[in-house]
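Reproduced below: protein.tsv, with TSV, N, CA and C atoms.
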chain	number	residue	atom	x	y	z
Q	1	MET	N	0.83	-1.21	0.00
Q	1	MET	CA	0.00	0.00	0.00
Q	1	MET	C	0.86	1.26	0.00
Q	2	LYS	N	2.13	1.12	0.34
Q	2	LYS	CA	3.02	2.28	0.36
Q	2	LYS	C	3.19	2.88	-1.03
Q	3	ASP	N	3.22	2.04	-2.08
Q	3	ASP	CA	3.37	2.55	-3.44
Q	3	ASP	C	2.21	3.46	-3.83
Q	4	ARG	N	1.02	3.15	-3.39
Q	4	ARG	CA	-0.16	3.97	-3.69
Q	4	ARG	C	0.01	5.37	-3.13
Q	5	ASN	N	0.53	5.45	-1.90
Q	5	ASN	CA	0.75	6.76	-1.29
Q	5	ASN	C	1.86	7.51	-2.01
Q	6	ASP	N	2.88	6.80	-2.47
Q	6	ASP	CA	3.96	7.44	-3.21
Q	6	ASP	C	3.44	8.04	-4.51
Q	7	ILE	N	2.61	7.30	-5.22
Q	7	ILE	CA	2.05	7.81	-6.47
Q	7	ILE	C	1.15	9.00	-6.21
Q	8	THR	N	0.40	8.98	-5.13
Q	8	THR	CA	-0.44	10.11	-4.77
Q	8	THR	C	0.41	11.34	-4.45
Q	9	ASP	N	1.52	11.13	-3.77
Q	9	ASP	CA	2.44	12.24	-3.47
Q	9	ASP	C	3.05	12.80	-4.75
Q	10	ILE	N	3.46	11.92	-5.65
Q	10	ILE	CA	4.04	12.36	-6.92
Q	10	ILE	C	3.01	13.15	-7.71
Q	11	ARG	N	1.78	12.67	-7.75
Q	11	ARG	CA	0.73	13.37	-8.49
Q	11	ARG	C	0.50	14.77	-7.93
Q	12	SER	N	0.46	14.89	-6.61
Q	12	SER	CA	0.22	16.21	-6.01
Q	12	SER	C	1.38	17.16	-6.30
Q	13	LYS	N	2.61	16.64	-6.35
Q	13	LYS	CA	3.75	17.50	-6.68
Q	13	LYS	C	3.71	17.92	-8.14
Q	14	VAL	N	3.33	17.02	-9.03
Q	14	VAL	CA	3.23	17.37	-10.45
Q	14	VAL	C	2.12	18.39	-10.66
Q	15	GLU	N	1.03	18.28	-9.90
Q	15	GLU	CA	-0.06	19.27	-9.99
Q	15	GLU	C	0.43	20.66	-9.63
Q	16	GLU	N	1.39	20.76	-8.73
Q	16	GLU	CA	1.96	22.07	-8.37
Q	16	GLU	C	2.74	22.68	-9.52
Q	17	TYR	N	3.23	21.84	-10.43
Q	17	TYR	CA	4.03	22.30	-11.56
Q	17	TYR	C	3.20	22.74	-12.76
Q	18	ILE	N	1.88	22.63	-12.71
Q	18	ILE	CA	1.04	22.99	-13.87
Q	18	ILE	C	1.31	24.44	-14.26
Q	19	GLY	N	1.61	24.62	-15.55
Q	19	GLY	CA	1.90	25.95	-16.07
Q	19	GLY	C	3.35	26.36	-15.96
Q	20	ASN	N	4.15	25.59	-15.23
Q	20	ASN	CA	5.58	25.92	-15.07
Q	20	ASN	C	6.41	25.20	-16.12
Q	21	ARG	N	7.52	25.82	-16.47
Q	21	ARG	CA	8.45	25.22	-17.42
Q	21	ARG	C	9.25	24.14	-16.71
Q	22	VAL	N	9.33	22.96	-17.33
Q	22	VAL	CA	10.03	21.83	-16.73
Q	22	VAL	C	10.99	21.20	-17.73
Q	23	ARG	N	11.96	20.49	-17.19
Q	23	ARG	CA	12.89	19.70	-18.01
Q	23	ARG	C	12.61	18.23	-17.71
Q	24	ILE	N	12.43	17.45	-18.76
Q	24	ILE	CA	12.14	16.03	-18.62
Q	24	ILE	C	13.32	15.23	-19.13
Q	25	LYS	N	13.80	14.33	-18.31
Q	25	LYS	CA	14.86	13.42	-18.71
Q	25	LYS	C	14.26	12.02	-18.69
Q	26	ALA	N	14.04	11.44	-19.88
Q	26	ALA	CA	13.36	10.16	-19.99
Q	26	ALA	C	14.33	9.08	-20.46
Q	27	ASN	N	14.32	7.96	-19.76
Q	27	ASN	CA	15.14	6.82	-20.13
Q	27	ASN	C	14.33	5.97	-21.11
Q	28	LYS	N	14.79	5.88	-22.34
Q	28	LYS	CA	14.08	5.15	-23.39
Q	28	LYS	C	14.62	3.73	-23.58
Q	29	GLY	N	15.52	3.28	-22.73
Q	29	GLY	CA	16.06	1.93	-22.83
Q	29	GLY	C	17.29	1.88	-23.71
Q	30	ARG	N	18.08	0.83	-23.54
Q	30	ARG	CA	19.30	0.61	-24.31
Q	30	ARG	C	20.20	1.84	-24.34
Q	31	LYS	N	20.38	2.42	-23.18
Q	31	LYS	CA	21.27	3.58	-22.99
Q	31	LYS	C	20.84	4.81	-23.78
Q	32	ARG	N	19.56	4.89	-24.15
Q	32	ARG	CA	19.05	6.07	-24.83
Q	32	ARG	C	18.32	6.95	-23.81
Q	33	VAL	N	18.77	8.17	-23.69
Q	33	VAL	CA	18.15	9.13	-22.78
Q	33	VAL	C	17.74	10.34	-23.60
Q	34	VAL	N	16.48	10.76	-23.42
Q	34	VAL	CA	15.95	11.91	-24.14
Q	34	VAL	C	15.69	13.02	-23.14
Q	35	ILE	N	16.18	14.22	-23.45
Q	35	ILE	CA	15.95	15.38	-22.59
Q	35	ILE	C	15.13	16.39	-23.38
Q	36	LYS	N	13.99	16.79	-22.79
Q	36	LYS	CA	13.09	17.74	-23.45
Q	36	LYS	C	12.70	18.81	-22.45
Q	37	GLU	N	12.33	19.97	-22.99
Q	37	GLU	CA	11.81	21.05	-22.15
Q	37	GLU	C	10.44	21.43	-22.63
Q	38	GLY	N	9.59	21.77	-21.70
Q	38	GLY	CA	8.23	22.18	-22.02
Q	38	GLY	C	7.55	22.65	-20.75
Q	39	TYR	N	6.22	22.64	-20.77
Q	39	TYR	CA	5.51	23.00	-19.55
Q	39	TYR	C	4.39	22.00	-19.28
Q	40	VAL	N	4.13	21.78	-18.00
Q	40	VAL	CA	3.09	20.83	-17.60
Q	40	VAL	C	1.75	21.45	-17.92
Q	41	GLU	N	0.98	20.76	-18.74
Q	41	GLU	CA	-0.30	21.30	-19.16
Q	41	GLU	C	-1.44	20.86	-18.25
Q	42	ASN	N	-1.50	19.56	-17.93
Q	42	ASN	CA	-2.62	19.06	-17.14
Q	42	ASN	C	-2.24	17.75	-16.48
Q	43	THR	N	-2.97	17.39	-15.42
Q	43	THR	CA	-2.77	16.11	-14.76
Q	43	THR	C	-4.09	15.34	-14.77
Q	44	TYR	N	-3.97	14.04	-14.86
Q	44	TYR	CA	-5.11	13.12	-14.86
Q	44	TYR	C	-4.82	12.03	-13.83
Q	45	PRO	N	-5.79	11.17	-13.55
Q	45	PRO	CA	-5.58	10.17	-12.48
Q	45	PRO	C	-4.33	9.30	-12.64
Q	46	SER	N	-3.94	8.94	-13.86
Q	46	SER	CA	-2.77	8.07	-14.00
Q	46	SER	C	-1.67	8.63	-14.89
Q	47	ILE	N	-1.91	9.76	-15.56
Q	47	ILE	CA	-0.90	10.37	-16.44
Q	47	ILE	C	-0.89	11.88	-16.26
Q	48	PHE	N	0.17	12.50	-16.78
Q	48	PHE	CA	0.21	13.96	-16.87
Q	48	PHE	C	0.72	14.34	-18.26
Q	49	LEU	N	0.28	15.50	-18.75
Q	49	LEU	CA	0.64	15.97	-20.09
Q	49	LEU	C	1.66	17.09	-20.01
Q	50	VAL	N	2.63	17.02	-20.92
Q	50	VAL	CA	3.63	18.06	-21.02
Q	50	VAL	C	3.65	18.56	-22.46
Q	51	ASN	N	3.55	19.87	-22.65
Q	51	ASN	CA	3.68	20.49	-23.97
Q	51	ASN	C	5.15	20.71	-24.22
Q	52	VAL	N	5.67	20.06	-25.24
Q	52	VAL	CA	7.10	20.11	-25.55
Q	52	VAL	C	7.30	20.88	-26.84
Q	53	HIS	N	8.28	21.79	-26.83
Q	53	HIS	CA	8.59	22.58	-28.02
Q	53	HIS	C	9.51	21.80	-28.93
Q	54	ASN	N	9.12	21.65	-30.19
Q	54	ASN	CA	9.94	20.99	-31.20
Q	54	ASN	C	10.66	22.09	-31.98
Q	55	GLU	N	11.95	22.23	-31.75
Q	55	GLU	CA	12.70	23.33	-32.36
Q	55	GLU	C	12.84	23.18	-33.87
Q	56	GLN	N	12.93	21.95	-34.35
Q	56	GLN	CA	13.11	21.73	-35.79
Q	56	GLN	C	11.88	22.17	-36.58
Q	57	LEU	N	10.69	21.87	-36.06
Q	57	LEU	CA	9.46	22.23	-36.76
Q	57	LEU	C	8.84	23.52	-36.23
Q	58	ASN	N	9.42	24.06	-35.15
Q	58	ASN	CA	8.93	25.28	-34.53
Q	58	ASN	C	7.45	25.18	-34.15
Q	59	ASN	N	7.10	24.08	-33.48
Q	59	ASN	CA	5.74	23.92	-32.97
Q	59	ASN	C	5.78	23.14	-31.66
Q	60	TYR	N	4.63	23.00	-31.04
Q	60	TYR	CA	4.51	22.27	-29.78
Q	60	TYR	C	3.78	20.97	-30.01
Q	61	ARG	N	4.12	19.95	-29.21
Q	61	ARG	CA	3.37	18.71	-29.24
Q	61	ARG	C	3.20	18.24	-27.80
Q	62	LYS	N	2.14	17.48	-27.57
Q	62	LYS	CA	1.85	16.99	-26.23
Q	62	LYS	C	2.45	15.61	-26.05
Q	63	VAL	N	3.09	15.43	-24.90
Q	63	VAL	CA	3.67	14.15	-24.55
Q	63	VAL	C	3.10	13.75	-23.19
Q	64	SER	N	2.71	12.49	-23.05
Q	64	SER	CA	2.16	12.05	-21.78
Q	64	SER	C	3.13	11.10	-21.08
Q	65	TYR	N	3.16	11.19	-19.77
Q	65	TYR	CA	3.96	10.32	-18.93
Q	65	TYR	C	3.09	9.87	-17.77
Q	66	SER	N	3.41	8.72	-17.21
Q	66	SER	CA	2.67	8.23	-16.06
Q	66	SER	C	3.45	8.55	-14.78
Q	67	TYR	N	2.73	8.57	-13.68
Q	67	TYR	CA	3.37	8.83	-12.39
Q	67	TYR	C	4.28	7.67	-12.00
Q	68	THR	N	3.98	6.46	-12.47
Q	68	THR	CA	4.84	5.32	-12.17
Q	68	THR	C	6.19	5.44	-12.89
Q	69	ASP	N	6.23	6.17	-14.01
Q	69	ASP	CA	7.52	6.44	-14.67
Q	69	ASP	C	8.43	7.22	-13.74
Q	70	ILE	N	7.89	8.16	-13.00
Q	70	ILE	CA	8.68	8.94	-12.05
Q	70	ILE	C	9.06	8.06	-10.86
Q	71	LEU	N	8.11	7.26	-10.40
Q	71	LEU	CA	8.35	6.39	-9.25
Q	71	LEU	C	9.46	5.38	-9.53
Q	72	THR	N	9.51	4.85	-10.75
Q	72	THR	CA	10.52	3.86	-11.12
Q	72	THR	C	11.79	4.50	-11.67
Q	73	HIS	N	11.87	5.82	-11.67
Q	73	HIS	CA	13.04	6.59	-12.11
Q	73	HIS	C	13.31	6.44	-13.60
Q	74	ASN	N	12.30	6.13	-14.40
Q	74	ASN	CA	12.45	6.15	-15.85
Q	74	ASN	C	12.31	7.56	-16.39
Q	75	VAL	N	11.67	8.44	-15.61
Q	75	VAL	CA	11.50	9.83	-15.99
Q	75	VAL	C	11.88	10.70	-14.79
Q	76	GLU	N	12.68	11.72	-15.07
Q	76	GLU	CA	13.01	12.72	-14.05
Q	76	GLU	C	12.40	14.05	-14.49
Q	77	LEU	N	11.73	14.70	-13.57
Q	77	LEU	CA	11.05	15.96	-13.84
Q	77	LEU	C	11.65	17.03	-12.95
Q	78	THR	N	12.22	18.09	-13.55
Q	78	THR	CA	12.79	19.18	-12.77
Q	78	THR	C	12.26	20.51	-13.28
Q	79	ILE	N	12.11	21.46	-12.37
Q	79	ILE	CA	11.62	22.80	-12.70
Q	79	ILE	C	12.77	23.59	-13.33
Q	80	CYS	N	12.49	24.30	-14.40
Q	80	CYS	CA	13.48	25.19	-15.04
Q	80	CYS	C	13.39	26.56	-14.39
Q	81	ASP	N	14.51	27.22	-14.32
Q	81	ASP	CA	14.53	28.57	-13.71
Q	81	ASP	C	14.09	29.63	-14.69
Could you spell out this file's structure in structure tokens?
Amino acid sequence: MKDRNDITDIRSKVEEYIGNRVRIKANKGRKRVVIKEGYVENTYPSIFLVNVHNEQLNNYRKVSYSYTDILTHNVELTICD
């Protein structure tokens, strides 16, 4: 039952970041790490959305991550200054 409380804590912290610029470091497996910057758009019961700026196309796209990704350290979320 401890994991449930951890996910609830993670969700409440991500909710505090809504509208703030964040840096996402995602582990994609096989030593591939992707670092993106964007802002947290919304949170849902099991996922949160981040609007990420695509510099090559000069547009934004939405990327979703789950709270368990943060819990298992596959995704790191940090606030940008």
Residue set, chain Q restricted to alpha helix (DSSP H), as a PyMOL selection string: chain Q and resi 2-16+67-71
What is the distance, in Å and to one decimal place, between atom N of Cys80 in chain Q and CA of Val52 in chain Q? 13.1 Å
Taking every listed atom of range 35-48 of chain Q and adding 4 Å to each side, what centre and edge lengths in Å (one decimal) does the axis-aligned box have, as JSON?
{"center_x": 5.2, "center_y": 15.5, "center_z": -18.0, "size_x": 30.0, "size_y": 22.9, "size_z": 19.0}
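The coordinates place atom C of Leu71 in chain Q at 10.9 Å from atom C of Asp9 in chain Q.
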Work out how far apart atom C of Ile7 in chain Q and CA of Tyr67 in chain Q are and give it in Å to one decimal. 6.6 Å
Pick out the residues sitting within 7 Å of Ser46 in chain Q, and hand them over as a count of residues only; count all atoms listed in the file, and ignore anything fewer than 3 positions along from it in its own chain. 5
Counting only N, CA and C atoms, which residues have an atom no more than 7 Å from (10.3, 14.0, -12.8) in the file's coordinates? Please list them as a PyMOL selection string. chain Q and resi 23-25+70+75-78
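Counting all atoms listed in the file, the residue from Q:Lys62, Q:Pro45, Q:Glu55, Q:Val40 that sits nearest to Asn20 in chain Q is Q:Val40.
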Per DSSP on the backbone, what are the strand (DSSP E) residues of chain Q, as JSON, numbers by chain? {"Q": [21, 22, 23, 24, 25, 26, 27, 28, 29, 32, 33, 34, 35, 36, 37, 38, 39, 40, 41, 42, 43, 47, 48, 49, 50, 51, 52, 53, 54, 59, 60, 61, 62, 63, 64, 65, 66, 75, 76, 77, 78, 79]}
Excluding Tyr17 in chain Q and any residue of its chain fewer than 2 positions from it, enumerate the residues within 12 Å of it, using only C-alpha atoms, and give them as a PyMOL selection string. chain Q and resi 10-15+19-23+38-43+48-50+77-80
Residues of the last selection are to be written out with N, CA and C atoms, as a CSV table (one decimal), keeping the file's coordinate frame.
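Once everything was written out, this is again_10.csv:
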chain,number,residue,atom,x,y,z
Q,10,ILE,N,3.5,11.9,-5.6
Q,10,ILE,CA,4.0,12.4,-6.9
Q,10,ILE,C,3.0,13.2,-7.7
Q,11,ARG,N,1.8,12.7,-7.8
Q,11,ARG,CA,0.7,13.4,-8.5
Q,11,ARG,C,0.5,14.8,-7.9
Q,12,SER,N,0.5,14.9,-6.6
Q,12,SER,CA,0.2,16.2,-6.0
Q,12,SER,C,1.4,17.2,-6.3
Q,13,LYS,N,2.6,16.6,-6.4
Q,13,LYS,CA,3.8,17.5,-6.7
Q,13,LYS,C,3.7,17.9,-8.1
Q,14,VAL,N,3.3,17.0,-9.0
Q,14,VAL,CA,3.2,17.4,-10.4
Q,14,VAL,C,2.1,18.4,-10.7
Q,15,GLU,N,1.0,18.3,-9.9
Q,15,GLU,CA,-0.1,19.3,-10.0
Q,15,GLU,C,0.4,20.7,-9.6
Q,19,GLY,N,1.6,24.6,-15.6
Q,19,GLY,CA,1.9,26.0,-16.1
Q,19,GLY,C,3.4,26.4,-16.0
Q,20,ASN,N,4.2,25.6,-15.2
Q,20,ASN,CA,5.6,25.9,-15.1
Q,20,ASN,C,6.4,25.2,-16.1
Q,21,ARG,N,7.5,25.8,-16.5
Q,21,ARG,CA,8.4,25.2,-17.4
Q,21,ARG,C,9.2,24.1,-16.7
Q,22,VAL,N,9.3,23.0,-17.3
Q,22,VAL,CA,10.0,21.8,-16.7
Q,22,VAL,C,11.0,21.2,-17.7
Q,23,ARG,N,12.0,20.5,-17.2
Q,23,ARG,CA,12.9,19.7,-18.0
Q,23,ARG,C,12.6,18.2,-17.7
Q,38,GLY,N,9.6,21.8,-21.7
Q,38,GLY,CA,8.2,22.2,-22.0
Q,38,GLY,C,7.6,22.6,-20.8
Q,39,TYR,N,6.2,22.6,-20.8
Q,39,TYR,CA,5.5,23.0,-19.6
Q,39,TYR,C,4.4,22.0,-19.3
Q,40,VAL,N,4.1,21.8,-18.0
Q,40,VAL,CA,3.1,20.8,-17.6
Q,40,VAL,C,1.8,21.4,-17.9
Q,41,GLU,N,1.0,20.8,-18.7
Q,41,GLU,CA,-0.3,21.3,-19.2
Q,41,GLU,C,-1.4,20.9,-18.2
Q,42,ASN,N,-1.5,19.6,-17.9
Q,42,ASN,CA,-2.6,19.1,-17.1
Q,42,ASN,C,-2.2,17.8,-16.5
Q,43,THR,N,-3.0,17.4,-15.4
Q,43,THR,CA,-2.8,16.1,-14.8
Q,43,THR,C,-4.1,15.3,-14.8
Q,48,PHE,N,0.2,12.5,-16.8
Q,48,PHE,CA,0.2,14.0,-16.9
Q,48,PHE,C,0.7,14.3,-18.3
Q,49,LEU,N,0.3,15.5,-18.8
Q,49,LEU,CA,0.6,16.0,-20.1
Q,49,LEU,C,1.7,17.1,-20.0
Q,50,VAL,N,2.6,17.0,-20.9
Q,50,VAL,CA,3.6,18.1,-21.0
Q,50,VAL,C,3.6,18.6,-22.5
Q,77,LEU,N,11.7,14.7,-13.6
Q,77,LEU,CA,11.0,16.0,-13.8
Q,77,LEU,C,11.6,17.0,-13.0
Q,78,THR,N,12.2,18.1,-13.6
Q,78,THR,CA,12.8,19.2,-12.8
Q,78,THR,C,12.3,20.5,-13.3
Q,79,ILE,N,12.1,21.5,-12.4
Q,79,ILE,CA,11.6,22.8,-12.7
Q,79,ILE,C,12.8,23.6,-13.3
Q,80,CYS,N,12.5,24.3,-14.4
Q,80,CYS,CA,13.5,25.2,-15.0
Q,80,CYS,C,13.4,26.6,-14.4
With only C-alpha atoms as the atoms that count, which of Q:Asn58, Q:Asn51, Q:Ser64, Q:Thr8 lies nearest to Ala26 in chain Q?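 Of the candidates, the smallest distance to Ala26 in chain Q is held by Q:Ser64.
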Residue nearest Lys36 in chain Q among Q:Leu57, Q:Thr72, Q:Val63, Q:Ile18 (counting only C-alpha atoms):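 Looking only at the distances to Lys36 in chain Q, the closest residue turns out to be Q:Val63.
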